[in-house]
>>> print(open('structure_0.txt').read())   # compact mmCIF, C-alpha atoms
# COMPACT_ATOMS: atom_id res chain seq x y z
CA MET A 17 17.66 0.00 -147.18
CA LEU A 18 17.22 2.84 -144.72
CA LYS A 19 16.22 1.91 -141.19
CA LYS A 20 12.62 2.80 -140.38
CA GLU A 21 12.20 5.53 -137.77
CA ARG A 22 10.41 4.48 -134.60
CA CYS A 23 7.46 6.28 -133.03
CA LEU A 24 6.28 5.80 -129.46
CA ILE A 25 2.66 6.60 -128.62
CA TYR A 26 1.83 7.09 -124.94
CA GLY A 27 -1.83 6.14 -124.67
CA GLY A 28 -1.59 4.27 -127.97
CA GLY A 29 -4.19 1.68 -127.04
CA GLY A 30 -6.98 4.21 -126.77
CA PHE A 31 -9.39 5.65 -129.31
CA ILE A 32 -7.12 8.37 -130.68
CA GLY A 33 -3.88 6.47 -130.12
CA SER A 34 -4.99 3.36 -132.00
CA HIS A 35 -5.98 5.37 -135.08
CA LEU A 36 -2.69 7.25 -134.93
CA ALA A 37 -0.74 3.98 -134.60
CA GLU A 38 -2.51 2.52 -137.62
CA ARG A 39 -1.85 5.64 -139.68
CA LEU A 40 1.86 5.70 -138.78
CA LEU A 41 2.21 2.03 -139.69
CA ASP A 42 0.50 2.62 -143.02
CA ILE A 43 2.91 5.40 -143.98
CA GLY A 44 6.01 3.39 -143.10
CA TYR A 45 7.04 3.99 -139.48
CA ASN A 46 7.85 1.44 -136.82
CA VAL A 47 5.38 1.95 -133.96
CA THR A 48 5.49 1.19 -130.25
CA VAL A 49 2.34 1.57 -128.17
CA PHE A 50 2.68 2.36 -124.46
CA ASP A 51 -0.41 1.87 -122.36
CA LYS A 52 -1.42 0.94 -118.83
CA LEU A 53 -1.01 -2.53 -117.38
CA ASN A 54 -3.60 -5.04 -118.59
CA PHE A 55 -5.19 -2.52 -120.95
CA SER A 56 -7.74 -3.80 -123.44
CA GLY A 57 -5.99 -4.40 -126.74
CA LYS A 58 -9.19 -4.50 -128.79
CA ASN A 59 -8.53 -1.15 -130.50
CA ILE A 60 -5.24 -2.38 -131.93
CA SER A 61 -6.19 -6.04 -132.40
CA ASP A 62 -6.47 -5.81 -136.20
CA PHE A 63 -2.85 -4.68 -136.58
CA ALA A 64 -1.21 -5.79 -133.31
CA ASP A 65 1.19 -8.05 -135.21
CA ARG A 66 2.66 -4.97 -136.91
CA LEU A 67 3.68 -3.07 -133.77
CA GLN A 68 5.35 -3.41 -130.40
CA VAL A 69 3.36 -3.04 -127.18
CA ILE A 70 4.69 -1.86 -123.81
CA GLU A 71 2.50 -2.07 -120.73
CA GLY A 72 3.52 0.23 -117.90
CA ASP A 73 2.75 3.13 -115.61
CA PHE A 74 3.05 6.62 -117.10
CA ASN A 75 3.72 7.92 -113.59
CA ASN A 76 6.68 5.57 -113.10
CA GLU A 77 10.03 7.11 -114.08
CA ILE A 78 11.65 3.74 -114.68
CA ASP A 79 8.89 2.72 -117.08
CA LEU A 80 9.28 6.01 -118.93
CA LYS A 81 13.06 5.63 -119.23
CA ASN A 82 12.85 2.05 -120.45
CA SER A 83 10.12 2.80 -122.98
CA LEU A 84 12.20 5.48 -124.73
CA LYS A 85 15.08 3.22 -125.75
CA GLY A 86 15.59 3.34 -129.51
CA ILE A 87 12.75 5.81 -130.08
CA ASP A 88 12.92 8.71 -132.56
CA TYR A 89 9.55 10.44 -132.08
CA VAL A 90 7.17 10.64 -129.11
CA PHE A 91 3.42 11.25 -129.14
CA HIS A 92 2.02 12.22 -125.73
CA LEU A 93 -1.71 11.41 -125.64
CA VAL A 94 -2.06 10.44 -121.97
CA SER A 95 -4.48 12.07 -119.54
CA SER A 96 -5.77 10.59 -116.29
CA THR A 97 -8.65 13.07 -115.91
CA LEU A 98 -11.63 14.43 -117.84
CA PRO A 99 -12.66 18.08 -118.29
CA ALA A 100 -15.98 17.73 -116.47
CA SER A 101 -14.51 16.08 -113.37
CA SER A 102 -10.99 17.54 -113.19
CA ASN A 103 -12.05 20.37 -110.87
CA ASP A 104 -13.06 17.80 -108.26
CA ASN A 105 -9.40 17.10 -107.49
CA PRO A 106 -6.93 19.53 -109.12
CA VAL A 107 -4.08 18.19 -106.97
CA TYR A 108 -4.53 14.72 -108.46
CA ASP A 109 -4.73 16.29 -111.92
CA ALA A 110 -1.41 18.06 -111.39
CA GLU A 111 0.32 15.05 -109.82
CA THR A 112 -0.68 12.52 -112.47
CA ASN A 113 -0.62 14.71 -115.58
CA LEU A 114 1.63 17.73 -115.11
CA ILE A 115 4.41 16.15 -113.02
CA SER A 116 4.54 13.01 -115.15
CA SER A 117 4.62 15.07 -118.33
CA LEU A 118 7.56 17.09 -117.01
CA LYS A 119 9.42 13.87 -116.24
CA LEU A 120 8.69 12.64 -119.76
CA ILE A 121 9.94 15.87 -121.34
CA ARG A 122 13.16 15.66 -119.34
CA GLU A 123 13.72 12.05 -120.38
CA CYS A 124 13.05 12.90 -124.03
CA ILE A 125 15.70 15.62 -123.90
CA GLU A 126 18.22 13.29 -122.27
CA LYS A 127 17.52 10.54 -124.82
CA GLY A 128 17.81 12.95 -127.78
CA ILE A 129 14.26 12.41 -129.02
CA LYS A 130 13.83 14.17 -132.38
CA LYS A 131 10.37 15.61 -131.64
CA ILE A 132 7.56 15.45 -129.08
CA VAL A 133 4.00 15.80 -130.32
CA PHE A 134 1.69 16.75 -127.46
CA LEU A 135 -2.07 16.43 -127.70
CA SER A 136 -3.60 19.41 -125.93
CA SER A 137 -7.26 20.40 -125.67
CA GLY A 138 -8.85 22.89 -128.04
CA GLY A 139 -12.09 22.53 -126.13
CA THR A 140 -10.74 23.63 -122.73
CA VAL A 141 -7.52 25.67 -122.97
CA TYR A 142 -9.26 28.76 -124.34
CA GLY A 143 -12.03 28.93 -121.76
CA ILE A 144 -14.95 31.18 -122.72
CA PRO A 145 -13.91 32.74 -126.05
CA GLU A 146 -14.29 36.42 -126.85
CA SER A 147 -15.11 35.51 -130.45
CA THR A 148 -15.25 32.48 -132.75
CA PRO A 149 -13.68 30.80 -134.57
CA ILE A 150 -10.84 30.83 -132.04
CA LYS A 151 -7.31 31.39 -133.31
CA GLU A 152 -4.16 29.98 -131.70
CA ASP A 153 -3.02 33.40 -130.50
CA ASP A 154 -6.36 34.33 -128.93
CA ARG A 155 -6.41 34.72 -125.17
CA ALA A 156 -6.51 31.40 -123.30
CA ASN A 157 -8.22 31.42 -119.90
CA PRO A 158 -9.24 27.82 -119.09
CA ILE A 159 -12.01 27.40 -116.54
CA CYS A 160 -11.31 23.78 -115.62
CA SER A 161 -8.24 22.08 -114.18
CA TYR A 162 -7.96 19.84 -117.24
CA GLY A 163 -7.45 22.86 -119.48
CA ILE A 164 -5.08 24.55 -117.02
CA ILE A 165 -2.84 21.47 -116.92
CA LYS A 166 -2.83 21.14 -120.71
CA LYS A 167 -1.94 24.81 -121.08
CA THR A 168 0.81 24.53 -118.47
CA ILE A 169 2.39 21.56 -120.29
CA GLU A 170 2.35 23.67 -123.45
CA GLU A 171 4.25 26.41 -121.60
CA TYR A 172 6.87 23.96 -120.34
CA LEU A 173 7.39 22.64 -123.86
CA TYR A 174 7.98 26.22 -124.99
CA MET A 175 10.46 26.74 -122.16
CA TYR A 176 12.43 23.59 -122.98
CA GLY A 177 12.33 24.48 -126.66
CA ILE A 178 14.11 27.74 -125.80
CA ILE A 179 16.62 26.46 -123.24
CA SER A 180 17.45 23.03 -124.67
CA GLY A 181 16.44 23.18 -128.33
CA LEU A 182 13.68 20.60 -127.88
CA ASP A 183 11.61 20.23 -131.05
CA TYR A 184 7.92 19.83 -130.45
CA PHE A 185 4.42 20.45 -131.74
CA VAL A 186 1.26 21.07 -129.72
CA PHE A 187 -2.11 20.19 -131.21
CA ARG A 188 -5.18 21.70 -129.60
CA LEU A 189 -7.64 19.06 -130.68
CA SER A 190 -11.35 19.83 -130.87
CA ASN A 191 -13.90 17.04 -130.30
CA PRO A 192 -12.77 13.88 -132.12
CA TYR A 193 -15.25 11.14 -132.90
CA GLY A 194 -15.47 7.96 -134.94
CA GLU A 195 -14.90 4.23 -134.88
CA ARG A 196 -13.41 2.66 -131.71
CA GLN A 197 -14.58 5.48 -129.44
CA ASN A 198 -16.18 4.05 -126.31
CA PRO A 199 -19.95 4.72 -126.39
CA HIS A 200 -20.17 4.13 -122.64
CA ALA A 201 -17.50 6.64 -121.61
CA ALA A 202 -18.05 9.99 -119.95
CA GLN A 203 -16.48 11.84 -122.88
CA GLY A 204 -17.47 11.89 -126.55
CA VAL A 205 -21.10 12.81 -127.16
CA ILE A 206 -21.44 11.52 -130.72
CA PRO A 207 -20.77 7.81 -130.02
CA VAL A 208 -22.81 8.03 -126.81
CA PHE A 209 -25.77 9.59 -128.63
CA VAL A 210 -25.47 7.18 -131.56
CA ASN A 211 -25.32 4.14 -129.30
CA ASN A 212 -28.32 5.34 -127.30
CA ALA A 213 -30.25 5.76 -130.54
CA ILE A 214 -29.38 2.19 -131.56
CA THR A 215 -30.30 0.68 -128.18
CA GLY A 216 -33.36 2.87 -127.62
CA GLU A 217 -31.99 4.45 -124.46
CA THR A 218 -32.72 8.04 -123.47
CA ILE A 219 -30.09 10.64 -124.30
CA SER A 220 -29.26 12.90 -121.35
CA ILE A 221 -28.09 16.45 -122.09
CA TRP A 222 -26.72 19.00 -119.65
CA GLY A 223 -28.49 22.29 -120.44
CA ASN A 224 -30.82 23.09 -123.33
CA GLY A 225 -28.81 21.39 -126.06
CA GLU A 226 -27.61 24.64 -127.62
CA VAL A 227 -23.98 24.19 -126.52
CA VAL A 228 -21.92 24.38 -129.73
CA ARG A 229 -18.82 22.29 -130.34
CA ASP A 230 -16.35 21.67 -133.15
CA TYR A 231 -16.34 17.97 -134.08
CA ILE A 232 -13.56 16.37 -136.16
CA TYR A 233 -13.61 12.87 -137.60
CA ILE A 234 -10.75 10.86 -136.11
CA LYS A 235 -9.16 9.69 -139.37
CA ASP A 236 -8.91 13.32 -140.54
CA ALA A 237 -7.23 14.30 -137.27
CA VAL A 238 -4.58 11.57 -137.18
CA LYS A 239 -3.43 12.36 -140.72
CA VAL A 240 -2.11 15.68 -139.37
CA LEU A 241 -0.59 14.15 -136.24
CA ALA A 242 1.25 11.51 -138.26
CA GLU A 243 2.44 13.99 -140.88
CA SER A 244 3.67 16.47 -138.27
CA ILE A 245 6.83 14.60 -137.31
CA ARG A 246 8.43 15.21 -140.71
CA ILE A 247 7.41 18.89 -140.94
CA LYS A 248 9.52 21.81 -139.72
CA SER A 249 7.72 24.98 -138.64
CA GLU A 250 8.38 28.09 -136.60
CA SER A 251 4.80 27.80 -135.38
CA LYS A 252 4.48 25.24 -132.62
CA ILE A 253 0.83 25.33 -131.55
CA PHE A 254 -1.99 24.34 -133.89
CA ASN A 255 -5.75 24.03 -133.65
CA LEU A 256 -6.75 20.64 -135.02
CA SER A 257 -10.42 20.84 -135.88
CA SER A 258 -13.12 20.85 -138.53
CA GLY A 259 -13.48 24.61 -138.19
CA LYS A 260 -17.27 24.25 -138.01
CA GLY A 261 -19.64 24.27 -135.05
CA HIS A 262 -22.73 22.18 -134.33
CA SER A 263 -25.05 22.26 -131.34
CA LEU A 264 -26.01 19.12 -129.45
CA ASN A 265 -29.54 19.49 -130.77
CA GLN A 266 -28.20 19.57 -134.33
CA ILE A 267 -26.19 16.43 -133.67
CA ILE A 268 -29.34 14.68 -132.43
CA GLU A 269 -31.26 15.74 -135.53
CA LEU A 270 -28.51 14.32 -137.75
CA ILE A 271 -28.59 11.03 -135.85
CA LYS A 272 -32.38 10.91 -136.21
CA ASP A 273 -32.02 11.42 -139.96
CA ILE A 274 -29.31 8.77 -140.32
CA SER A 275 -30.90 6.17 -138.05
CA CYS A 276 -34.55 6.74 -138.97
CA ARG A 277 -35.27 6.19 -135.29
CA ASP A 278 -37.26 8.13 -132.73
CA ILE A 279 -34.80 9.41 -130.14
CA LYS A 280 -35.74 10.17 -126.55
CA VAL A 281 -33.96 13.16 -125.01
CA GLU A 282 -33.82 14.31 -121.38
CA TYR A 283 -32.54 17.81 -120.64
CA LYS A 284 -30.83 18.42 -117.31
CA LYS A 285 -29.56 21.49 -115.53
CA GLY A 286 -26.50 22.99 -117.26
CA ARG A 287 -22.97 22.74 -115.83
CA ASN A 288 -20.70 25.72 -115.17
CA VAL A 289 -17.68 23.93 -116.71
CA ASP A 290 -19.37 23.79 -120.12
CA VAL A 291 -18.24 26.62 -122.40
CA PRO A 292 -21.28 27.79 -124.44
CA VAL A 293 -19.51 27.90 -127.83
CA ASN A 294 -16.20 26.44 -129.00
CA ILE A 295 -15.23 26.56 -132.68
CA LEU A 296 -11.56 26.47 -133.63
CA ASP A 297 -9.92 28.20 -136.59
CA ASN A 298 -7.82 25.53 -138.35
CA THR A 299 -6.25 27.81 -140.99
CA LEU A 300 -2.72 27.47 -139.59
CA ALA A 301 -2.86 23.65 -139.59
CA GLN A 302 -4.24 23.62 -143.13
CA LYS A 303 -1.42 25.86 -144.37
CA THR A 304 1.43 24.21 -142.45
CA PHE A 305 0.54 20.58 -143.19
CA SER A 306 -1.10 21.01 -146.61
CA TRP A 307 -4.21 19.44 -145.15
CA LYS A 308 -7.92 19.96 -144.79
CA PRO A 309 -10.61 17.90 -143.07
CA GLU A 310 -12.28 15.71 -145.68
CA THR A 311 -15.15 14.14 -143.73
CA ASP A 312 -18.23 16.27 -143.09
CA ILE A 313 -20.25 15.78 -139.93
CA LYS A 314 -23.06 13.75 -141.52
CA GLU A 315 -20.68 11.35 -143.24
CA GLY A 316 -18.65 10.94 -140.05
CA ILE A 317 -21.74 10.19 -137.98
CA GLU A 318 -22.89 7.68 -140.60
CA LEU A 319 -19.55 5.85 -140.34
CA THR A 320 -19.77 5.91 -136.54
CA TYR A 321 -23.36 4.64 -136.67
CA LYS A 322 -22.45 1.70 -138.93
CA TYR A 323 -19.55 0.75 -136.67
CA LEU A 324 -21.62 0.81 -133.47
CA GLU A 325 -24.55 -0.93 -135.13
CA LYS A 326 -22.28 -3.88 -135.97
CA LEU A 327 -21.04 -4.03 -132.38
CA ASN A 328 -24.60 -4.11 -131.05
CA VAL A 329 -25.68 -7.04 -133.22
CA ARG A 330 -22.80 -9.29 -132.21
>>> encode(input="structure_0.txt", output="structure tokens")
Amino acid sequence: MLKKERCLIYGGGGFIGSHLAERLLDIGYNVTVFDKLNFSGKNISDFADRLQVIEGDFNNEIDLKNSLKGIDYVFHLVSSTLPASSNDNPVYDAETNLISSLKLIRECIEKGIKKIVFLSSGGTVYGIPESTPIKEDDRANPICSYGIIKKTIEEYLYMYGIISGLDYFVFRLSNPYGERQNPHAAQGVIPVFVNNAITGETISIWGNGEVVRDYIYIKDAVKVLAESIRIKSESKIFNLSSGKGHSLNQIIELIKDISCRDIKVEYKKGRNVDVPVNILDNTLAQKTFSWKPETDIKEGIELTYKYLEKLNVR
């Protein structure tokens, strides 16, 4: 019997990482999750007996070195900042995300890792687009530190791919949503809006609600991420998205329809870090990975609603 290949997911205890871990386990890989010390294991609790867990500090070189022993593939999902707040301290953003990522890349090369899959940001690396849907080779001018750091890590991966033969993929993810996403976090409008609808709290929106985003259901997204480690491609950067745009007001109307609840909305002054429209062209990902998103926005919100409704009645 052939030995199972081992995948390491940095940030594997989070929303995206837990779904990716579960998908990789289901298709036959050994999985190790690396997350911060004393992280909540609730996202992986249903399948924790099927994987290995490492608690450590992503900024600690020793922890990085030790975690890579016996690993074949690496998924880099870690970020210590958020788009909306990253401009408050770009130095911290660079120190904790860029520098640590460079150390990880170096260690992966030294350890002979077969491929690094890096989760970039389709919502921030492009900045204000000249047209939509945005293609991978469109001009990228990020207007927040978060996007600048993600783009810079992409460039370093390209550099190491040229000079050392490092194999890698970059996925510019749009706005993922679904089960296990924290409805009390500062990122992820769909679970926040859904949870507020369930609890009767007011939904706060920056601007007039006409900001348009591309939302992808999490289980659709991780199918591509998991599949990518066995695919060879000359293309290295992919938009991972639904390819469709919805405004915040449209999302609220869908939640109203699904929940049959009256939703209170408060509109606040808009923020200059919010790009007005962001819709990503996913044609390249569809072609390369023989994939297409299967879950439309209404079905995805319904699944998210049912999940959060169960949590609220416990």
>>> residues_around(input="structure_0.txt", residues="A:Ala237", least_positions_apart="6", cutoff="8 Å", atoms="all atoms listed in the file", output="PyMOL selection string")
chain A and resi 192+256-257+309
>>> residues_around(input="structure_0.txt", residues="stretch 170-174 of chain A", least_positions_apart="3", cutoff="8 Å", atoms="only C-alpha atoms", output="ChimeraX atom specification")
/A:118,121,136,166-167,177-178,182,184,186
>>> closest_residue(input="structure_0.txt", among="A:Asn191, A:Asn198, A:Gln203, A:Asn54", to="A:Leu98", atoms="all atoms listed in the file")
A:Gln203
>>> axis_aligned_box(input="structure_0.txt", around="stretch 21-31 of chain A", padding_each_side="4 Å", output="lines of an AutoDock Vina configuration file")
center_x = 1.4
center_y = 4.4
center_z = -131.2
size_x = 29.6
size_y = 13.4
size_z = 21.1
>>> atom_distance(input="structure_0.txt", atom1="atom CA of A:Asn59", atom2="atom CA of A:Asp290")
29.1 Å
>>> closest_residue(input="structure_0.txt", among="A:Gly33, A:Gly143, A:Pro149, A:Gly194", to="A:Ser95", atoms="only C-alpha atoms")
A:Gly33
>>> atom_distance(input="structure_0.txt", atom1="atom CA of A:Gly29", atom2="atom CA of A:Phe55")
7.5 Å
